[in-house]
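Novice: Have a peek at protein-v6.pdb (PDB, C-alpha atoms and all ligand atoms).
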```pdb
MODEL        1
ATOM      1  CA  MET A   1     267.108 110.876 178.961  1.00  0.00           C
ATOM      2  CA  ALA A   2     268.700 108.036 180.836  1.00  0.00           C
ATOM      3  CA  ARG A   3     270.211 108.832 184.188  1.00  0.00           C
ATOM      4  CA  PRO A   4     273.934 108.203 184.510  1.00  0.00           C
ATOM      5  CA  GLN A   5     274.916 104.681 185.448  1.00  0.00           C
ATOM      6  CA  ARG A   6     277.977 103.723 187.402  1.00  0.00           C
ATOM      7  CA  MET A   7     279.625 100.373 187.992  1.00  0.00           C
ATOM      8  CA  CYS A   8     279.875  98.723 191.394  1.00  0.00           C
ATOM      9  CA  VAL A   9     283.494  97.745 192.069  1.00  0.00           C
ATOM     10  CA  VAL A  10     282.395  94.469 193.686  1.00  0.00           C
ATOM     11  CA  CYS A  11     279.696  92.927 191.479  1.00  0.00           C
ATOM     12  CA  ARG A  12     280.463  95.083 188.415  1.00  0.00           C
ATOM     13  CA  ALA A  13     276.784  95.702 187.784  1.00  0.00           C
ATOM     14  CA  MET A  14     275.816  99.019 186.255  1.00  0.00           C
ATOM     15  CA  LYS A  15     273.411 100.889 188.493  1.00  0.00           C
ATOM     16  CA  ASP A  16     271.814 104.237 189.003  1.00  0.00           C
ATOM     17  CA  LYS A  17     274.037 106.485 191.109  1.00  0.00           C
ATOM     18  CA  THR A  18     271.343 106.648 193.787  1.00  0.00           C
ATOM     19  CA  GLU A  19     271.730 102.907 194.367  1.00  0.00           C
ATOM     20  CA  LEU A  20     275.440 103.193 195.007  1.00  0.00           C
ATOM     21  CA  ILE A  21     277.752 104.536 197.696  1.00  0.00           C
ATOM     22  CA  ARG A  22     280.448 106.779 196.244  1.00  0.00           C
ATOM     23  CA  VAL A  23     283.985 106.863 197.568  1.00  0.00           C
ATOM     24  CA  VAL A  24     286.120 109.662 196.252  1.00  0.00           C
ATOM     25  CA  ARG A  25     289.834 110.344 196.198  1.00  0.00           C
ATOM     26  CA  GLY A  26     290.530 114.030 195.915  1.00  0.00           C
ATOM     27  CA  LYS A  27     293.436 115.703 194.213  1.00  0.00           C
ATOM     28  CA  ASP A  28     295.230 115.814 197.567  1.00  0.00           C
ATOM     29  CA  GLY A  29     295.061 112.016 197.704  1.00  0.00           C
ATOM     30  CA  GLN A  30     292.660 112.002 200.636  1.00  0.00           C
ATOM     31  CA  PHE A  31     289.788 109.548 200.576  1.00  0.00           C
ATOM     32  CA  ALA A  32     286.275 110.417 201.648  1.00  0.00           C
ATOM     33  CA  LEU A  33     282.757 109.076 201.435  1.00  0.00           C
ATOM     34  CA  ASP A  34     280.652 111.228 199.188  1.00  0.00           C
ATOM     35  CA  PRO A  35     276.962 111.003 200.054  1.00  0.00           C
ATOM     36  CA  THR A  36     276.100 113.872 197.708  1.00  0.00           C
ATOM     37  CA  GLY A  37     277.926 112.412 194.695  1.00  0.00           C
ATOM     38  CA  LYS A  38     279.267 115.866 193.942  1.00  0.00           C
ATOM     39  CA  MET A  39     282.721 115.939 195.475  1.00  0.00           C
ATOM     40  CA  PRO A  40     285.540 116.479 192.990  1.00  0.00           C
ATOM     41  CA  GLY A  41     288.019 113.728 192.407  1.00  0.00           C
ATOM     42  CA  ARG A  42     288.106 110.178 191.193  1.00  0.00           C
ATOM     43  CA  GLY A  43     285.145 108.121 192.379  1.00  0.00           C
ATOM     44  CA  ALA A  44     284.453 104.460 192.916  1.00  0.00           C
ATOM     45  CA  TYR A  45     281.076 102.963 193.675  1.00  0.00           C
ATOM     46  CA  VAL A  46     279.662 100.085 195.661  1.00  0.00           C
ATOM     47  CA  CYS A  47     276.051  98.888 195.916  1.00  0.00           C
ATOM     48  CA  ARG A  48     274.037 100.071 198.899  1.00  0.00           C
ATOM     49  CA  GLU A  49     271.888  96.946 198.809  1.00  0.00           C
ATOM     50  CA  GLY A  50     272.948  93.338 198.975  1.00  0.00           C
ATOM     51  CA  ASP A  51     276.250  91.917 200.106  1.00  0.00           C
ATOM     52  CA  CYS A  52     278.652  94.046 198.066  1.00  0.00           C
ATOM     53  CA  VAL A  53     279.762  96.096 201.082  1.00  0.00           C
ATOM     54  CA  SER A  54     280.534  92.977 203.087  1.00  0.00           C
ATOM     55  CA  ARG A  55     282.437  91.513 200.129  1.00  0.00           C
ATOM     56  CA  LEU A  56     284.302  94.752 199.439  1.00  0.00           C
ATOM     57  CA  GLU A  57     287.286  93.862 201.588  1.00  0.00           C
ATOM     58  CA  LYS A  58     287.551  90.301 200.331  1.00  0.00           C
ATOM     59  CA  VAL A  59     287.609  91.236 196.661  1.00  0.00           C
ATOM     60  CA  LYS A  60     289.760  94.349 197.214  1.00  0.00           C
ATOM     61  CA  GLY A  61     287.269  96.303 195.142  1.00  0.00           C
ATOM     62  CA  LEU A  62     288.384  99.761 196.184  1.00  0.00           C
ATOM     63  CA  GLU A  63     292.072  98.918 195.956  1.00  0.00           C
ATOM     64  CA  ARG A  64     291.552  97.761 192.390  1.00  0.00           C
ATOM     65  CA  ALA A  65     289.493 100.800 191.486  1.00  0.00           C
ATOM     66  CA  PHE A  66     292.030 103.253 192.903  1.00  0.00           C
ATOM     67  CA  LYS A  67     295.092 101.158 192.064  1.00  0.00           C
ATOM     68  CA  GLY A  68     296.465 101.472 195.557  1.00  0.00           C
ATOM     69  CA  SER A  69     295.710 101.086 199.224  1.00  0.00           C
ATOM     70  CA  VAL A  70     292.593 102.559 200.765  1.00  0.00           C
ATOM     71  CA  PRO A  71     292.464 103.525 204.464  1.00  0.00           C
ATOM     72  CA  LYS A  72     290.669 101.041 206.700  1.00  0.00           C
ATOM     73  CA  GLU A  73     288.775 103.949 208.216  1.00  0.00           C
ATOM     74  CA  ILE A  74     287.068 104.595 204.877  1.00  0.00           C
ATOM     75  CA  LYS A  75     285.997 100.987 204.542  1.00  0.00           C
ATOM     76  CA  ASP A  76     284.733 101.001 208.131  1.00  0.00           C
ATOM     77  CA  ASN A  77     282.743 104.141 207.381  1.00  0.00           C
ATOM     78  CA  ILE A  78     281.084 102.456 204.421  1.00  0.00           C
ATOM     79  CA  LYS A  79     279.976  99.567 206.637  1.00  0.00           C
ATOM     80  CA  ASN A  80     278.686 102.049 209.196  1.00  0.00           C
ATOM     81  CA  LEU A  81     276.422 103.645 206.578  1.00  0.00           C
ATOM     82  CA  LEU A  82     274.369 100.486 206.291  1.00  0.00           C
TER      83      LEU A  82
HETATM   84 ZN    ZN A 101     277.515  95.582 193.732  1.00  0.00          ZN
ENDMDL
END
```
As structure tokens, how would this structure be written, given the file I've shared?
Ligand SMILES: [Zn+2]
Specialist:
Amino acid sequence: MARPQRMCVVCRAMKDKTELIRVVRGKDGQFALDPTGKMPGRGAYVCREGDCVSRLEKVKGLERAFKGSVPKEIKDNIKNLL
């Protein structure tokens, strides 16, 4: 059975979840990075490899995915993962 694929919000490629960083917005509206991929809430994904993280801010990938603003701290944390 195929493993679930998710779309990167920057390059829009479909990838295995293990190749992506998940950002989640919980029911309380708080954003978090989700290394386990198991946190409840709405998720958005960005590629671990390549330049998607560095382009994330420019293309407003997370803002588009969540239809609203995303704390700078979260975006900084994504960069710090790499
Ligand atoms: Zn990507």
Novice: Convert the output of the PyMOL selection byres (((chain A and resi 44-46) around 9) and not hetatm) on the shown file into explicit residues, formatted as a PyMOL selection string.
Specialist: chain A and resi 6-12+17+19-25+42-43+47-49+52-53+56+61-62+65-66
Novice: Point out the residue among A:Ala32, A:Ala13, A:Val70, A:Met39 with the least atom-to-atom distance to ligand ZN 101 (chain A), counting only C-alpha atoms and all ligand atoms.
Specialist: A:Ala13
Novice: Looking at A:Lys15, A:Arg55, A:Lys79, A:Lys72, which one is nearest to Phe31 (chain A), with distances taken over only C-alpha atoms?
Specialist: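 Going through A:Lys15, A:Arg55, A:Lys79, A:Lys72 one by one, the smallest distance to Phe31 (chain A) is for A:Lys72.
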Novice: Any idea what the distance is between CA of Pro4 (chain A) and CA of Gly50 (chain A)?
Specialist: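 Calculated distance between CA of Pro4 (chain A) and CA of Gly50 (chain A) is 20.8 Å.
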Novice: Of the candidates A:Pro35, A:Asp28, A:Ala2, A:Ser54, which one gets nearest to ligand ZN 101 (chain A) if we count only C-alpha atoms and all ligand atoms?
Specialist: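 Counting only C-alpha atoms and all ligand atoms, the residue closest to ligand ZN 101 (chain A) is A:Ser54.
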Novice: Between CA of Asp34 (chain A) and CA of Lys75 (chain A), what distance in Å does the model show, to one decimal?
Specialist: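 Rounded to one decimal, the two atoms are 12.7 Å apart.
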Novice: Counting all atoms listed in the file, which residue out of A:Leu82, A:Met14, A:Leu33, A:Ile74 sits closest to ligand ZN 101 (chain A)?
Specialist: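 For ligand ZN 101 (chain A), the nearest of the candidates is A:Met14.
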Novice: Enclose region 60-63 of chain A, meaning all of its atoms listed in the file, in a box aligned along x, y and z, pad it by 8 Å on each side, and list the centre and edge lengths in Å to one decimal, as AutoDock Vina command-line options.
Specialist:
```
--center_x 289.7 --center_y 97.1 --center_z 196.2 --size_x 20.8 --size_y 21.4 --size_z 18.1
```
Novice: Calculated over all atoms listed in the file, which of the candidates A:Gln30, A:Glu73, A:Val59, A:Pro40 has the smallest distance to ligand ZN 101 (chain A)?
Specialist: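 With all atoms listed in the file as the atom set, the closest residue is A:Val59.
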Novice: Using only C-alpha atoms and all ligand atoms, which of A:Gly41, A:Glu63, A:Asn77, A:Asp16 sits nearest ligand ZN 101 (chain A)?
Specialist: A:Asp16
Novice: In Å, with one decimal, what is the gap from CA of Arg3 (chain A) to CA of Asn80 (chain A)?
Specialist: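 Pair CA of Arg3 (chain A) / CA of Asn80 (chain A) returns 27.3 Å.
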